[in-house]
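Dumped work.cif below, it's mmCIF, C-alpha atoms:
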data_input
loop_
_atom_site.label_atom_id
_atom_site.label_comp_id
_atom_site.auth_asym_id
_atom_site.auth_seq_id
_atom_site.Cartn_x
_atom_site.Cartn_y
_atom_site.Cartn_z
CA MET U 1 -94.68 -35.36 170.83
CA SER U 2 -92.45 -32.39 170.04
CA GLY U 3 -89.17 -32.89 168.17
CA GLY U 4 -85.80 -32.69 169.83
CA PRO U 5 -83.09 -30.03 169.40
CA LEU U 6 -81.76 -31.81 166.30
CA ASP U 7 -85.13 -31.55 164.57
CA HIS U 8 -85.34 -27.88 165.49
CA ASP U 9 -81.87 -27.19 164.08
CA ARG U 10 -82.70 -29.06 160.89
CA SER U 11 -85.90 -27.08 160.35
CA TYR U 12 -83.91 -23.86 160.80
CA TRP U 13 -80.93 -24.65 158.63
CA MET U 14 -82.57 -26.47 155.73
CA PRO U 15 -84.16 -23.32 154.21
CA VAL U 16 -80.83 -21.52 154.61
CA LEU U 17 -78.96 -24.32 152.84
CA TRP U 18 -81.54 -24.54 150.06
CA GLY U 19 -81.42 -20.78 149.60
CA SER U 20 -77.61 -20.74 149.50
CA SER U 21 -77.57 -23.61 147.01
CA ALA U 22 -80.05 -21.82 144.76
CA LEU U 23 -78.00 -18.62 144.93
CA LEU U 24 -74.80 -20.50 144.08
CA ALA U 25 -76.48 -22.32 141.18
CA GLY U 26 -77.87 -19.04 139.84
CA SER U 27 -74.46 -17.39 140.07
CA LEU U 28 -72.81 -20.26 138.19
CA VAL U 29 -75.43 -20.06 135.44
CA LEU U 30 -74.87 -16.31 135.15
CA LEU U 31 -71.09 -16.77 134.94
CA ALA U 32 -71.45 -19.48 132.31
CA ARG U 33 -73.76 -17.27 130.29
CA ARG U 34 -71.31 -14.35 130.44
CA LEU U 35 -68.45 -16.63 129.43
CA TYR U 36 -70.10 -18.35 126.49
CA PHE U 37 -72.10 -15.35 125.31
CA PRO U 38 -69.70 -12.41 125.70
CA ALA U 39 -71.04 -8.88 125.36
CA VAL U 40 -69.78 -7.74 121.94
CA LEU U 41 -70.70 -4.21 120.84
CA LYS U 42 -70.70 -3.85 117.08
CA TYR U 43 -70.06 -0.57 115.29
CA PRO U 44 -71.74 1.92 115.33
CA TRP U 45 -71.65 2.07 119.11
CA VAL U 46 -75.01 3.77 119.64
CA MET U 47 -75.82 5.38 122.99
CA GLY U 48 -79.28 3.88 123.40
CA GLY U 49 -81.79 3.98 126.24
CA THR U 50 -83.71 6.81 127.87
CA GLU U 51 -82.22 10.16 128.85
CA ALA U 52 -82.12 9.02 132.49
CA MET U 53 -80.25 5.83 131.53
CA ARG U 54 -77.73 7.79 129.47
CA SER U 55 -77.17 10.20 132.37
CA SER U 56 -76.57 7.25 134.69
CA GLU U 57 -74.08 5.75 132.20
CA LYS U 58 -72.27 9.08 131.90
CA ALA U 59 -71.53 9.07 135.63
CA LYS U 60 -69.62 5.79 135.46
CA LYS U 61 -65.88 5.22 135.54
CA ILE U 62 -64.65 2.51 133.17
CA VAL U 63 -61.41 0.70 132.34
CA PHE U 64 -60.22 0.25 128.76
CA ALA U 65 -57.49 -2.41 128.85
CA GLY U 66 -55.07 -3.72 126.26
CA SER U 67 -51.41 -4.09 125.35
CA PHE U 68 -51.55 -1.15 122.88
CA ASN U 69 -48.36 -2.39 121.27
CA PRO U 70 -48.57 0.11 119.61
CA PRO U 71 -51.84 2.08 119.81
CA HIS U 72 -53.36 3.16 116.49
CA HIS U 73 -56.36 4.86 114.84
CA GLY U 74 -58.72 2.05 115.86
CA HIS U 75 -57.85 2.47 119.54
CA VAL U 76 -58.19 6.26 119.39
CA GLU U 77 -61.65 5.99 117.79
CA MET U 78 -62.77 3.71 120.61
CA LEU U 79 -61.31 6.09 123.19
CA ARG U 80 -63.14 9.00 121.62
CA TYR U 81 -66.45 7.12 122.00
CA LEU U 82 -65.79 5.91 125.56
CA ALA U 83 -64.64 9.35 126.77
CA LYS U 84 -67.83 10.87 125.39
CA ARG U 85 -70.07 8.25 126.98
CA TYR U 86 -68.51 7.89 130.45
CA GLU U 87 -67.32 10.26 133.15
CA GLU U 88 -63.78 8.86 133.28
CA VAL U 89 -61.86 6.42 131.12
CA ILE U 90 -58.79 4.71 132.55
CA VAL U 91 -56.63 3.28 129.80
CA VAL U 92 -54.75 0.34 131.31
CA ILE U 93 -51.59 -1.22 129.90
CA GLY U 94 -50.99 -4.49 131.68
CA VAL U 95 -47.50 -5.69 132.51
CA ASN U 96 -46.92 -9.37 131.78
CA PRO U 97 -43.55 -10.46 133.25
CA SER U 98 -43.44 -13.53 131.00
CA LYS U 99 -43.52 -11.44 127.82
CA LYS U 100 -40.70 -9.45 126.28
CA TYR U 101 -41.67 -6.26 124.50
CA LEU U 102 -39.56 -4.09 122.25
CA VAL U 103 -41.24 -0.96 123.62
CA THR U 104 -41.81 -0.65 127.37
CA PRO U 105 -45.30 -0.20 128.83
CA ALA U 106 -44.25 3.26 130.05
CA GLU U 107 -43.31 4.31 126.51
CA ARG U 108 -46.58 2.98 125.16
CA ALA U 109 -48.45 4.92 127.86
CA ALA U 110 -46.63 8.09 126.77
CA ILE U 111 -47.63 7.44 123.14
CA ILE U 112 -51.30 7.03 124.12
CA LYS U 113 -51.19 10.28 126.11
CA LEU U 114 -49.72 12.05 123.09
CA MET U 115 -52.46 10.67 120.84
CA VAL U 116 -55.20 11.69 123.29
CA ASP U 117 -53.82 15.21 123.65
CA GLU U 118 -53.00 15.85 120.01
CA ASP U 119 -56.06 14.14 118.50
CA ASN U 120 -58.39 16.22 120.66
CA VAL U 121 -60.16 13.37 122.46
CA GLN U 122 -62.86 15.09 124.52
CA GLY U 123 -63.37 13.82 128.07
CA LYS U 124 -61.45 12.67 131.11
CA VAL U 125 -58.87 10.08 130.07
CA ARG U 126 -56.16 8.70 132.34
CA VAL U 127 -53.44 6.24 131.33
CA GLU U 128 -52.03 3.72 133.81
CA VAL U 129 -49.46 0.92 133.65
CA VAL U 130 -50.67 -1.91 135.88
CA SER U 131 -48.87 -4.93 137.30
CA GLY U 132 -51.07 -7.78 138.44
CA TYR U 133 -54.68 -8.53 137.62
CA ILE U 134 -56.47 -5.76 135.77
CA TRP U 135 -59.85 -6.76 137.24
CA ARG U 136 -58.39 -6.19 140.72
CA PHE U 137 -57.12 -2.76 139.70
CA ALA U 138 -60.55 -1.93 138.21
CA MET U 139 -62.30 -2.88 141.44
CA LYS U 140 -59.85 -0.83 143.49
CA GLU U 141 -60.63 2.15 141.25
CA ASN U 142 -64.39 1.55 141.70
CA ALA U 143 -64.82 1.14 137.96
CA SER U 144 -68.18 -0.11 136.75
CA ILE U 145 -67.24 -1.78 133.46
CA MET U 146 -64.16 -3.13 131.71
CA PHE U 147 -63.77 -2.72 127.96
CA ARG U 148 -61.48 -4.37 125.45
CA GLY U 149 -61.05 -3.42 121.82
CA ILE U 150 -61.18 -6.10 119.11
CA ARG U 151 -61.37 -6.14 115.32
CA SER U 152 -64.20 -8.67 115.54
CA TRP U 153 -65.03 -11.60 117.79
CA GLY U 154 -64.43 -13.94 114.86
CA LYS U 155 -60.86 -12.66 114.43
CA ASP U 156 -59.84 -12.08 118.03
CA GLY U 157 -62.28 -14.08 120.15
CA LYS U 158 -60.05 -17.10 120.71
CA VAL U 159 -57.26 -14.92 122.06
CA GLU U 160 -59.64 -12.89 124.22
CA MET U 161 -61.45 -15.87 125.74
CA PHE U 162 -58.75 -16.66 128.32
CA LEU U 163 -58.67 -13.07 129.60
CA HIS U 164 -62.46 -13.02 129.64
CA PHE U 165 -62.45 -16.19 131.76
CA LEU U 166 -59.87 -14.67 134.11
CA ASN U 167 -61.91 -11.48 134.54
CA LEU U 168 -65.01 -13.51 135.37
CA CYS U 169 -63.54 -16.10 137.71
CA GLY U 170 -60.62 -14.18 139.23
CA PRO U 171 -62.61 -12.18 141.81
CA ILE U 172 -64.37 -15.34 142.99
CA VAL U 173 -61.39 -17.70 143.08
CA LEU U 174 -58.59 -15.29 144.00
CA GLY U 175 -60.56 -12.67 145.89
CA PRO U 176 -61.70 -10.25 147.05
CA MET U 177 -64.88 -12.44 146.69
CA LYS U 178 -66.89 -9.90 144.73
CA CYS U 179 -69.24 -10.17 141.81
CA PRO U 180 -67.05 -9.83 138.69
CA LEU U 181 -67.27 -6.63 136.69
CA PRO U 182 -68.90 -6.91 133.28
CA THR U 183 -66.52 -6.93 130.32
CA TYR U 184 -67.60 -5.49 126.98
CA PHE U 185 -65.78 -6.04 123.72
CA LEU U 186 -65.85 -3.14 121.27
CA GLU U 187 -65.62 -4.24 117.65
CA GLY U 188 -63.57 -1.78 115.64
CA LYS U 189 -64.82 0.85 113.24
CA PRO U 190 -64.82 -0.91 109.84
CA GLU U 191 -62.57 1.63 108.13
CA TYR U 192 -59.83 0.85 110.66
CA ASN U 193 -60.25 -2.93 110.92
CA HIS U 194 -57.40 -3.54 108.51
CA ILE U 195 -55.08 -1.91 111.05
CA SER U 196 -53.43 -4.02 113.70
CA SER U 197 -50.52 -3.51 116.06
CA THR U 198 -48.78 -6.43 114.35
CA LEU U 199 -49.03 -4.68 110.97
CA ILE U 200 -47.43 -1.54 112.38
CA ARG U 201 -44.61 -3.49 114.03
CA ASN U 202 -43.97 -5.34 110.76
CA LEU U 203 -43.76 -2.06 108.81
CA CYS U 204 -41.35 -0.64 111.37
CA ALA U 205 -39.17 -3.76 111.27
CA GLU U 206 -39.17 -3.65 107.47
CA GLY U 207 -38.19 0.02 107.51
CA LYS U 208 -35.34 -0.76 109.89
CA ARG U 209 -34.00 -3.49 107.59
CA GLU U 210 -34.21 -1.18 104.58
CA GLY U 211 -32.71 1.81 106.37
CA ARG U 212 -35.76 4.08 106.08
CA GLU U 213 -38.48 5.50 108.29
CA PRO U 214 -41.81 3.73 107.75
CA ASP U 215 -44.83 5.75 106.64
CA LEU U 216 -47.45 5.24 109.36
CA SER U 217 -49.62 8.26 108.56
CA ALA U 218 -52.62 6.12 107.57
CA LEU U 219 -52.33 3.89 110.64
CA VAL U 220 -51.73 6.18 113.63
CA PRO U 221 -52.55 9.84 114.35
CA ASN U 222 -50.11 12.16 112.58
CA ALA U 223 -48.92 13.75 115.82
CA ALA U 224 -47.62 10.39 117.05
CA ALA U 225 -46.52 8.79 113.76
CA ARG U 226 -42.83 9.69 114.04
CA ARG U 227 -42.68 8.73 117.71
CA VAL U 228 -44.23 5.32 117.00
CA ALA U 229 -41.88 4.81 114.03
CA SER U 230 -38.86 5.70 116.14
CA ALA U 231 -39.88 3.53 119.10
CA TYR U 232 -40.66 0.46 116.99
CA SER U 233 -37.74 0.74 114.59
CA LYS U 234 -35.12 -0.18 117.18
CA THR U 235 -34.82 -3.65 115.72
CA ASP U 236 -35.69 -5.50 112.54
CA LYS U 237 -37.62 -8.10 114.56
CA ASN U 238 -41.32 -7.97 115.36
CA LEU U 239 -41.72 -8.14 119.17
#

Target encoding structure tokens, full file:
Amino acid sequence: MSGGPLDHDRSYWMPVLWGSSALLAGSLVLLARRLYFPAVLKYPWVMGGTEAMRSSEKAKKIVFAGSFNPPHHGHVEMLRYLAKRYEEVIVVIGVNPSKKYLVTPAERAAIIKLMVDEDNVQGKVRVEVVSGYIWRFAMKENASIMFRGIRSWGKDGKVEMFLHFLNLCGPIVLGPMKCPLPTYFLEGKPEYNHISSTLIRNLCAEGKREGREPDLSALVPNAAARRVASAYSKTDKNL
């Protein structure tokens, strides 16, 4: 005796449901793996792989995001590498309405442009100030990868983990329902790992209190040193 319409529907839909469940489970495992085992690139950042793979990488557009408050030698060294490896690098300064900064994102963008131009960074580099989610901007720009610069995962990982989680889950939860872009964390060049934006802001605040211009020549490119000192010496507080 042949089955009824209900049996026919069940035999049709069960493989679809099992397949969808397997796909969902696989996606969740992949997301968990990316979250708990972030892609950290240690220095030296070697361009490995075959010639064909390197050519494919070169054709990609990538986003390099951060607060850059202010940018310094470590950031410029990373930019130099990324601009050499990829077709276009978009440096993104995110705007967080809940934070108050001494120097505006627009001013920081201008400082990065000055560093790129004066420090002879070879390649196509664009600087953007972005409101909203950076992963959404990256997708709109058809970027392939997002990068963030860190001193090391041990030093900065706890701070970066929330943003990493947001970049992974945002496209799925908030839309537009796309596979999240991979995020890579570049560990800094060892000779610059003593430099941090906080250190520079502290030196500028100290110079302001003492009535002198701070010497930033060892921390930021010479062409931008005076501009950084001027911008970050507006107050004796570190913001």

Non-local contacts of range 88-98 of chain U (10 Å; only C-alpha atoms; under 6 positions in same chain excluded) as a PyMOL selection string: chain U and resi 58-69+79-80+82+104-106+108-109+112-113+123-134+137-138+141+143+146-147

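Closest approach to Pro38 in chain U from the set U:His164, U:Arg148, U:Lys155, U:Arg85 is made by U:His164, with distances taken over only C-alpha atoms.
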
Shortest interatomic distance to Leu166 in chain U - which of U:Ser152, U:Asn193, U:Ser56, U:Thr183, counting all atoms listed in the file: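 Of all the options, U:Thr183 lies closest to Leu166 in chain U.
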
Pairwise distance for CA of Lys208 in chain U and CA of Lys234 in chain U, rounded to one decimal in Å: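 Separation of CA of Lys208 in chain U and CA of Lys234 in chain U: 7.3 Å.
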
Ile150 in chain U surroundings by only C-alpha atoms, 8 Å radius, close-in-sequence under 2 positions cut, as a list in words: Arg148, Ser152, Trp153, Asp156, Phe185, Leu186, Glu187 and Gly188 of chain U

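The shell of residues at most 12 Å from Leu31 in chain U, with all atoms listed in the file counted and near chain neighbours (fewer than 6 positions) removed, consists of U:Leu24, U:Ala25, U:Phe37, U:Pro38, U:His164, U:Phe165, U:Leu166, U:Asn167, U:Leu168, U:Cys169, U:Gly170, U:Pro171, U:Ile172, U:Cys179, U:Pro180, U:Leu181, U:Pro182, U:Thr183.
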
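Nearest to Ser217 in chain U of all the residues U:Ala39, U:His72, U:Thr198, U:Asn120 is U:His72, based on only C-alpha atoms.
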
Contacts of Arg227 in chain U at 10 Å (all atoms listed in the file; same-chain gap of 5+ positions) as number ranges by chain: U: 107, 110-111, 114, 222, 232-233

Using only C-alpha atoms, please write the residues we just selected to a file, as a PDB file, in the frame of the given file.
ATOM      1  CA  GLU U 107     -43.310   4.310 126.510  1.00  0.00           C
ATOM      2  CA  ALA U 110     -46.630   8.090 126.770  1.00  0.00           C
ATOM      3  CA  ILE U 111     -47.630   7.440 123.140  1.00  0.00           C
ATOM      4  CA  LEU U 114     -49.720  12.050 123.090  1.00  0.00           C
ATOM      5  CA  ASN U 222     -50.110  12.160 112.580  1.00  0.00           C
ATOM      6  CA  TYR U 232     -40.660   0.460 116.990  1.00  0.00           C
ATOM      7  CA  SER U 233     -37.740   0.740 114.590  1.00  0.00           C
TER       8      SER U 233
END

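Note that the spacing between CA of Met177 in chain U and CA of Leu41 in chain U amounts to 27.7 Å.
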
Polymer residues at most 10 Å from Leu199 in chain U, all atoms listed in the file, same-chain spacing of 5 or more positions, as number ranges by chain: U: 70, 194, 204-205, 219, 238

Å distance separating CA of Leu163 in chain U from CA of Pro190 in chain U, one decimal place: 24.0 Å

The PyMOL selection byres ((chain U and resi 81) around 10) resolved against shown file, as a PyMOL selection string: chain U and resi 44-47+76-80+82-86+121-123
